[in-house]
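Colleague: mmCIF, C-alpha atoms, file query-v4.cif:
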data_work
#
loop_
_atom_site.label_atom_id
_atom_site.label_comp_id
_atom_site.auth_asym_id
_atom_site.auth_seq_id
_atom_site.Cartn_x
_atom_site.Cartn_y
_atom_site.Cartn_z
CA MET A 48 61.00 -54.76 94.20
CA GLU A 49 60.88 -57.65 91.76
CA THR A 50 63.37 -57.63 88.90
CA ARG A 51 63.97 -59.76 85.81
CA THR A 52 67.35 -60.10 84.17
CA PHE A 53 67.94 -60.29 80.42
CA GLY A 54 71.57 -60.69 79.44
CA ARG A 55 73.46 -57.98 81.28
CA ILE A 56 70.37 -55.87 82.04
CA ALA A 57 67.97 -56.12 84.97
CA VAL A 58 64.56 -54.47 84.68
CA THR A 59 62.59 -53.43 87.75
CA LEU A 60 58.94 -54.48 87.56
CA PRO A 61 55.86 -52.77 89.00
CA GLY A 62 55.41 -53.40 92.70
CA VAL A 63 51.63 -53.81 92.67
CA ASP A 64 51.75 -57.19 94.43
CA GLU A 65 53.97 -56.09 97.28
CA PRO A 66 52.73 -56.36 100.87
CA GLY A 67 50.67 -53.38 101.94
CA ILE A 68 49.55 -52.51 98.41
CA TYR A 69 45.80 -52.62 97.88
CA LEU A 70 44.31 -51.94 94.45
CA SER A 71 40.77 -50.57 94.24
CA ASN A 72 38.57 -51.51 91.30
CA VAL A 73 37.81 -48.53 89.10
CA THR A 74 35.45 -48.09 86.16
CA SER A 75 37.38 -45.28 84.47
CA LEU A 76 40.96 -44.10 84.03
CA GLU A 77 39.91 -40.48 84.31
CA GLY A 78 40.69 -39.61 87.93
CA GLY A 79 40.47 -36.43 89.93
CA ARG A 80 43.01 -33.87 88.75
CA GLY A 81 44.04 -36.36 86.10
CA THR A 82 45.52 -38.89 88.54
CA VAL A 83 44.48 -42.49 89.14
CA GLN A 84 46.41 -44.33 91.85
CA ASP A 85 46.35 -47.78 93.46
CA PHE A 86 43.80 -49.04 90.95
CA HIS A 87 42.66 -52.09 89.02
CA TYR A 88 40.90 -51.43 85.71
CA ALA A 89 39.62 -54.68 84.23
CA ASP A 90 37.61 -56.13 81.35
CA ALA A 91 36.58 -52.84 79.77
CA ASP A 92 35.31 -52.87 76.17
CA LEU A 93 35.71 -49.36 74.79
CA ARG A 94 35.10 -47.68 71.49
CA GLU A 95 37.88 -45.23 72.36
CA LEU A 96 40.36 -44.76 75.18
CA ASP A 97 41.35 -41.09 75.20
CA LEU A 98 43.55 -39.65 77.95
CA SER A 99 45.52 -36.39 78.07
CA ASN A 100 47.74 -34.88 80.77
CA ALA A 101 47.05 -37.83 83.06
CA LYS A 102 48.97 -39.89 85.61
CA LEU A 103 48.50 -43.61 86.16
CA LEU A 104 50.25 -44.61 89.37
CA SER A 105 50.57 -48.05 90.94
CA GLY A 106 47.94 -50.15 89.27
CA ARG A 107 46.92 -52.92 86.93
CA ILE A 108 45.05 -52.77 83.63
CA SER A 109 43.82 -56.16 82.40
CA GLY A 110 41.48 -57.46 79.77
CA LEU A 111 41.07 -54.06 78.13
CA ARG A 112 39.72 -53.97 74.58
CA ALA A 113 39.73 -50.63 72.81
CA GLN A 114 38.88 -49.99 69.18
CA ARG A 115 41.13 -46.95 69.30
CA THR A 116 43.56 -45.54 71.86
CA ARG A 117 44.83 -41.95 72.03
CA LEU A 118 47.17 -40.91 74.85
CA HIS A 119 48.95 -37.57 75.17
CA ASP A 120 51.35 -36.55 77.91
CA VAL A 121 50.35 -39.53 80.05
CA ARG A 122 52.78 -40.52 82.79
CA VAL A 123 52.82 -44.12 83.97
CA ALA A 124 54.60 -45.38 87.08
CA SER A 125 54.44 -48.91 88.48
CA VAL A 126 51.62 -50.18 86.24
CA GLU A 127 50.98 -53.60 84.70
CA PHE A 128 49.15 -53.89 81.37
CA GLY A 129 48.00 -57.44 80.70
CA ASN A 130 46.02 -59.35 78.06
CA SER A 131 44.80 -56.15 76.45
CA ASP A 132 44.13 -55.02 72.88
CA PHE A 133 44.67 -51.29 72.38
CA GLY A 134 43.56 -51.17 68.76
CA PRO A 135 45.32 -48.50 66.68
CA MET A 136 47.22 -46.63 69.41
CA GLN A 137 48.67 -43.14 69.29
CA TRP A 138 50.77 -42.24 72.32
CA THR A 139 52.58 -38.91 72.19
CA ASP A 140 54.86 -37.50 74.88
CA GLY A 141 54.87 -38.76 78.45
CA LYS A 142 57.00 -41.12 80.52
CA LEU A 143 56.74 -44.76 81.50
CA SER A 144 58.61 -45.98 84.56
CA ARG A 145 58.41 -49.51 86.00
CA ALA A 146 55.79 -50.58 83.46
CA VAL A 147 55.16 -53.97 81.92
CA PHE A 148 53.02 -54.88 78.92
CA ARG A 149 52.31 -58.60 78.99
CA ASN A 150 50.40 -60.49 76.27
CA CYS A 151 49.17 -57.23 74.76
CA LYS A 152 48.28 -56.27 71.19
CA LEU A 153 49.75 -52.95 70.06
CA MET A 154 49.69 -53.65 66.34
CA GLY A 155 50.23 -50.48 64.33
CA ALA A 156 50.87 -48.45 67.47
CA ALA A 157 52.45 -45.02 66.92
CA LEU A 158 54.64 -44.14 69.91
CA SER A 159 56.32 -40.74 69.81
CA GLY A 160 58.26 -38.56 72.23
CA LEU A 161 58.17 -41.06 75.10
CA VAL A 162 60.76 -41.60 77.82
CA LEU A 163 60.98 -45.25 78.90
CA GLU A 164 62.64 -46.39 82.10
CA ASN A 165 62.37 -49.95 83.43
CA VAL A 166 59.84 -50.96 80.77
CA LEU A 167 59.21 -54.54 79.68
CA PHE A 168 57.22 -55.64 76.65
CA ASP A 169 56.64 -59.36 77.22
CA ASN A 170 55.05 -61.56 74.54
CA CYS A 171 53.40 -58.60 72.81
CA LYS A 172 52.32 -58.10 69.21
CA LEU A 173 53.91 -54.91 67.89
CA ASP A 174 53.64 -55.56 64.15
CA TYR A 175 53.79 -52.36 62.07
CA ALA A 176 54.42 -50.23 65.18
CA THR A 177 56.36 -46.98 64.77
CA PHE A 178 58.71 -45.70 67.45
CA ASN A 179 59.69 -42.07 66.92
CA ASP A 180 61.92 -39.99 69.22
CA ILE A 181 61.81 -42.64 71.93
CA ARG A 182 64.46 -42.40 74.66
CA ALA A 183 65.38 -45.28 76.93
CA ALA A 184 66.40 -43.54 80.16
CA GLY A 185 66.76 -46.92 81.86
CA PRO A 186 66.30 -50.62 81.10
CA LEU A 187 64.07 -51.33 78.09
CA ILE A 188 63.29 -54.95 77.21
CA PHE A 189 61.39 -56.57 74.36
CA SER A 190 60.97 -60.25 75.23
CA GLN A 191 59.36 -62.75 72.84
CA CYS A 192 57.63 -59.93 70.96
CA VAL A 193 56.59 -59.81 67.32
CA LEU A 194 57.93 -56.62 65.72
CA SER A 195 57.39 -57.47 62.06
CA GLU A 196 57.71 -54.33 59.91
CA ALA A 197 58.03 -52.12 62.98
CA THR A 198 60.18 -48.99 62.60
CA PHE A 199 62.51 -47.17 64.99
CA THR A 200 63.36 -43.59 63.95
CA ASN A 201 65.34 -40.98 65.88
CA CYS A 202 65.29 -43.24 68.90
CA ASP A 203 67.90 -43.64 71.63
CA VAL A 204 67.50 -47.25 72.67
CA SER A 205 71.10 -47.75 73.72
CA ARG A 206 71.44 -50.81 75.98
CA ALA A 207 67.93 -52.01 75.16
CA VAL A 208 67.47 -55.78 74.90
CA PHE A 209 65.57 -57.69 72.23
CA ALA A 210 65.22 -61.26 73.53
CA ASP A 211 63.85 -63.99 71.27
CA CYS A 212 61.82 -61.55 69.15
CA THR A 213 60.50 -61.73 65.60
CA LEU A 214 62.28 -58.99 63.64
CA ARG A 215 61.06 -59.63 60.11
CA LEU A 216 61.54 -56.42 58.09
CA THR A 217 61.96 -54.46 61.32
CA GLU A 218 63.65 -51.18 60.36
CA PHE A 219 66.27 -49.48 62.49
CA ALA A 220 66.45 -46.01 60.98
CA ARG A 221 68.70 -43.21 62.20
CA GLY A 222 69.15 -43.26 65.96
CA LYS A 223 71.36 -44.50 68.79
CA TYR A 224 71.70 -48.25 69.23
CA GLN A 225 75.05 -48.61 71.00
CA ASP A 226 75.17 -51.69 73.25
CA CYS A 227 71.68 -52.68 72.12
CA ASP A 228 71.58 -56.44 72.77
CA LEU A 229 70.29 -58.32 69.72
CA ARG A 230 71.57 -61.76 70.65
CA GLY A 231 69.25 -64.70 70.09
CA ASN A 232 67.21 -63.09 67.30
CA ASP A 233 67.13 -63.85 63.58
CA LEU A 234 68.59 -60.69 62.01
CA SER A 235 68.58 -61.89 58.40
CA ALA A 236 65.56 -59.78 57.44
CA VAL A 237 66.11 -56.57 59.42
CA ARG A 238 66.46 -53.21 57.67
CA GLY A 239 68.84 -50.36 58.42
CA VAL A 240 71.84 -52.58 59.12
CA ALA A 241 74.24 -49.66 58.64
CA GLU A 242 72.68 -47.90 61.64
CA LEU A 243 73.37 -50.79 64.00
CA ARG A 244 76.80 -49.63 65.03
CA LYS A 245 78.27 -51.09 68.22
CA VAL A 246 75.31 -53.38 68.93
CA ILE A 247 75.83 -56.70 70.72
CA ILE A 248 75.38 -59.89 68.69
CA ASP A 249 76.57 -63.49 68.70
CA ARG A 250 79.31 -64.42 66.23
CA ALA A 251 76.86 -66.69 64.43
CA GLN A 252 74.69 -63.67 63.64
CA GLN A 253 77.37 -62.10 61.43
CA THR A 254 76.08 -64.16 58.52
CA GLN A 255 72.53 -62.99 59.20
CA LEU A 256 73.58 -59.34 59.14
CA ALA A 257 75.47 -59.92 55.90
CA GLU A 258 72.36 -61.46 54.38
CA ALA A 259 70.25 -58.49 55.55
CA LEU A 260 72.77 -56.02 54.11
CA ALA A 261 72.85 -57.81 50.75
CA ALA A 262 69.06 -57.68 50.57
CA GLU A 263 69.06 -54.01 51.48
CA LEU A 264 71.64 -53.18 48.82
CA ASP A 265 69.69 -55.17 46.24
CA VAL A 266 72.93 -56.67 44.94
CA THR A 267 73.16 -58.93 41.91
CA TYR A 268 75.27 -62.08 42.17
CA GLY A 269 77.59 -62.65 39.22
CA GLU A 270 76.74 -66.32 38.91
CA ASP A 271 73.12 -65.36 38.33
CA LEU A 272 73.92 -63.18 35.33
CA ASP A 273 73.15 -64.28 31.83
CA ASP A 274 76.62 -64.23 30.19
CA ARG A 275 75.08 -64.19 26.74
CA ARG A 276 74.12 -60.54 27.15
#
Re-express the file's structure as structure tokens.

Modeller:
Amino acid sequence: METRTFGRIAVTLPGVDEPGIYLSNVTSLEGGRGTVQDFHYADADLRELDLSNAKLLSGRISGLRAQRTRLHDVRVASVEFGNSDFGPMQWTDGKLSRAVFRNCKLMGAALSGLVLENVLFDNCKLDYATFNDIRAAGPLIFSQCVLSEATFTNCDVSRAVFADCTLRLTEFARGKYQDCDLRGNDLSAVRGVAELRKVIIDRAQQTQLAEALAAELDVTYGEDLDDRR
């Protein structure tokens, strides 16, 4: 299986292009008994994508445009999502294993109760996304993603990697971030600095974290005070 390495972490990618794998074109993601396997779902323009208690196994979703996406207890294994816009997404419960989102728009997505294992978000727009009760059971990578004003709450993303991402006003609320690799990102405008215990950074990023902490504490600098008062 193909892998990509980010820092110390290697993520295993979906094997949909391996020899012997043939993907059949499908016109719906609602399969028999809730399972769709060895599939290619392309260029759909939907008012709503609504799936519950479903399994998506070994496939590719490309060029999808949905005005609204609602997924509940959907399990994904060895699936590529590419060049798709999911509109306002709500994804509750479920598991993603060997999944990649490439050049996708998930702006304002609300992801809750998901288990992620070998998942790569590559060049995705995740502005204003909320991650609640997310657990990284294996490699989790955000590469060249925009996460402006995204929020992580009650998440265990230990050992996750953020590589060359935009983290403007990204909030790391209570959760587990040990060994989370934040090297190569501008951290000067992140929120929740006190929660980022035992993360991995470059020495040059110490100043950025100090700047973020000062902004969060809303400190006043003595030299800016009016001594006449």

Colleague: I'd like the interatomic distance between atom CA of Ala124 of chain A and atom CA of Lys102 of chain A, to a tenth of an Å.

Modeller: 8.0 Å

Colleague: Skipping near chain neighbours, those fewer than 2 positions away, what residues fall within 6 Å of segment 219-236 of chain A using only C-alpha atoms, listed as number ranges by chain?

Modeller: A: 199-209, 211-212, 215-216, 239, 245-249, 255-256, 258-259

Colleague: Please indicate the distance in Å from atom CA of Met48 of chain A to atom CA of Ala146 of chain A, rounded to one decimal place.

Modeller: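 Atom-to-atom, atom CA of Met48 of chain A to atom CA of Ala146 of chain A, that is 12.6 Å.
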
Colleague: As a ChimeraX atom specification, please: the residues near Leu158 of chain A (cut-off 9 Å, only C-alpha atoms, same-chain neighbours under 2 positions excluded).

Modeller: /A:136-140,156,160-161,176-181

Colleague: If you measure from atom CA of Asp169 of chain A to atom CA of Phe148 of chain A, what distance in Å do you get, rounded to one decimal?

Modeller: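 Those two atoms sit 6.0 Å apart.
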
Colleague: Taking all atoms listed in the file into account, which of A:Leu103, A:Val58, A:Leu272, A:Leu96 comes nearest Asn165 of chain A?

Modeller: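 With all atoms listed in the file as the atom set, the closest residue is A:Val58.
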
Colleague: As a check of understanding, name the residues that the PyMOL selection byres ((chain A and resi 93) around 8) selects in the supplied structure, as a list of chain:residue names.

Modeller: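 Checking the PyMOL selection byres ((chain A and resi 93) around 8) against this file, the residues are A:Ala91, A:Asp92, A:Arg94, A:Glu95, A:Leu96, A:Leu111, A:Arg112, A:Ala113, A:Gln114.
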
Colleague: Give as a PDB file with C-alpha atoms, keeping the file's coordinate frame the set of residues within 12 Å of the point (44.2, -34.6, 88.6), where distances use the file's coordinates and all atoms listed in the file.

Modeller:
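Saved file part21.pdb follows:
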ATOM      1  CA  LEU A  76      40.960 -44.100  84.030  1.00  0.00           C
ATOM      2  CA  GLU A  77      39.910 -40.480  84.310  1.00  0.00           C
ATOM      3  CA  GLY A  78      40.690 -39.610  87.930  1.00  0.00           C
ATOM      4  CA  GLY A  79      40.470 -36.430  89.930  1.00  0.00           C
ATOM      5  CA  ARG A  80      43.010 -33.870  88.750  1.00  0.00           C
ATOM      6  CA  GLY A  81      44.040 -36.360  86.100  1.00  0.00           C
ATOM      7  CA  THR A  82      45.520 -38.890  88.540  1.00  0.00           C
ATOM      8  CA  VAL A  83      44.480 -42.490  89.140  1.00  0.00           C
ATOM      9  CA  GLN A  84      46.410 -44.330  91.850  1.00  0.00           C
ATOM     10  CA  LEU A  98      43.550 -39.650  77.950  1.00  0.00           C
ATOM     11  CA  SER A  99      45.520 -36.390  78.070  1.00  0.00           C
ATOM     12  CA  ASN A 100      47.740 -34.880  80.770  1.00  0.00           C
ATOM     13  CA  ALA A 101      47.050 -37.830  83.060  1.00  0.00           C
ATOM     14  CA  LYS A 102      48.970 -39.890  85.610  1.00  0.00           C
ATOM     15  CA  LEU A 103      48.500 -43.610  86.160  1.00  0.00           C
ATOM     16  CA  LEU A 104      50.250 -44.610  89.370  1.00  0.00           C
ATOM     17  CA  VAL A 121      50.350 -39.530  80.050  1.00  0.00           C
ATOM     18  CA  ARG A 122      52.780 -40.520  82.790  1.00  0.00           C
TER      19      ARG A 122
END

Colleague: Pick out the closest residue to Leu60 of chain A from this set: A:Lys172, A:Arg149, A:Arg182, A:Arg238. Count only C-alpha atoms.

Modeller: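 For Leu60 of chain A, the nearest of the candidates is A:Arg149.
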
Colleague: What does the PyMOL selection byres ((chain A and resi 108) around 8) select in this file, as a short mmCIF file (atom, residue, chain, number, x, y, z; two decimals) with C-alpha atoms, keeping the file's coordinate frame?

Modeller:
data_model
loop_
_atom_site.label_atom_id
_atom_site.label_comp_id
_atom_site.auth_asym_id
_atom_site.auth_seq_id
_atom_site.Cartn_x
_atom_site.Cartn_y
_atom_site.Cartn_z
CA HIS A 87 42.66 -52.09 89.02
CA TYR A 88 40.90 -51.43 85.71
CA ALA A 89 39.62 -54.68 84.23
CA GLY A 106 47.94 -50.15 89.27
CA ARG A 107 46.92 -52.92 86.93
CA SER A 109 43.82 -56.16 82.40
CA GLY A 110 41.48 -57.46 79.77
CA LEU A 111 41.07 -54.06 78.13
CA VAL A 126 51.62 -50.18 86.24
CA GLU A 127 50.98 -53.60 84.70
CA PHE A 128 49.15 -53.89 81.37
CA GLY A 129 48.00 -57.44 80.70
CA SER A 131 44.80 -56.15 76.45
#

Colleague: Kindly indicate which residue among A:Thr59, A:Ser125, A:Val193, A:His119 lies nearest to Leu153 of chain A, using all atoms listed in the file for the distances.

Modeller: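 Of all the options, A:Val193 lies closest to Leu153 of chain A.
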
Colleague: Find the residues near Gly155 of chain A: any atom within 7 Å, counting only C-alpha atoms, skip ones fewer than 5 places away on the same chain, and give them as a list in words.

Modeller: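 The contact residues come out as Pro135, Leu173, Asp174, Tyr175 and Ala176 of chain A.
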
Colleague: Which residue out of A:Ala210, A:Val123, A:Glu218, A:Gly269 has the minimum interatomic distance to Glu196 of chain A when all atoms listed in the file are used?

Modeller: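 Of the candidates, the smallest distance to Glu196 of chain A is held by A:Glu218.
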
Colleague: When you count all atoms listed in the file, which of these residues is closest to Ser144 of chain A: A:Ala184, A:Cys171, A:Tyr69, A:Leu243?

Modeller: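 Nearest candidate to Ser144 of chain A out of A:Ala184, A:Cys171, A:Tyr69, A:Leu243: A:Ala184.
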
Colleague: Write out as a VMD selection string the residues lying within 8 Å of Leu70 of chain A, counting only C-alpha atoms and excluding same-chain residues fewer than 2 positions away.

Modeller: chain A and resid 63 68 72 85 to 87 106

Colleague: Find the residue from A:Glu263, A:Glu164, A:Thr198, A:Thr217 that sits nearest to Ala57 of chain A; use only C-alpha atoms when measuring.

Modeller: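 Answer, going by the shortest atom-to-atom distance: A:Glu164.
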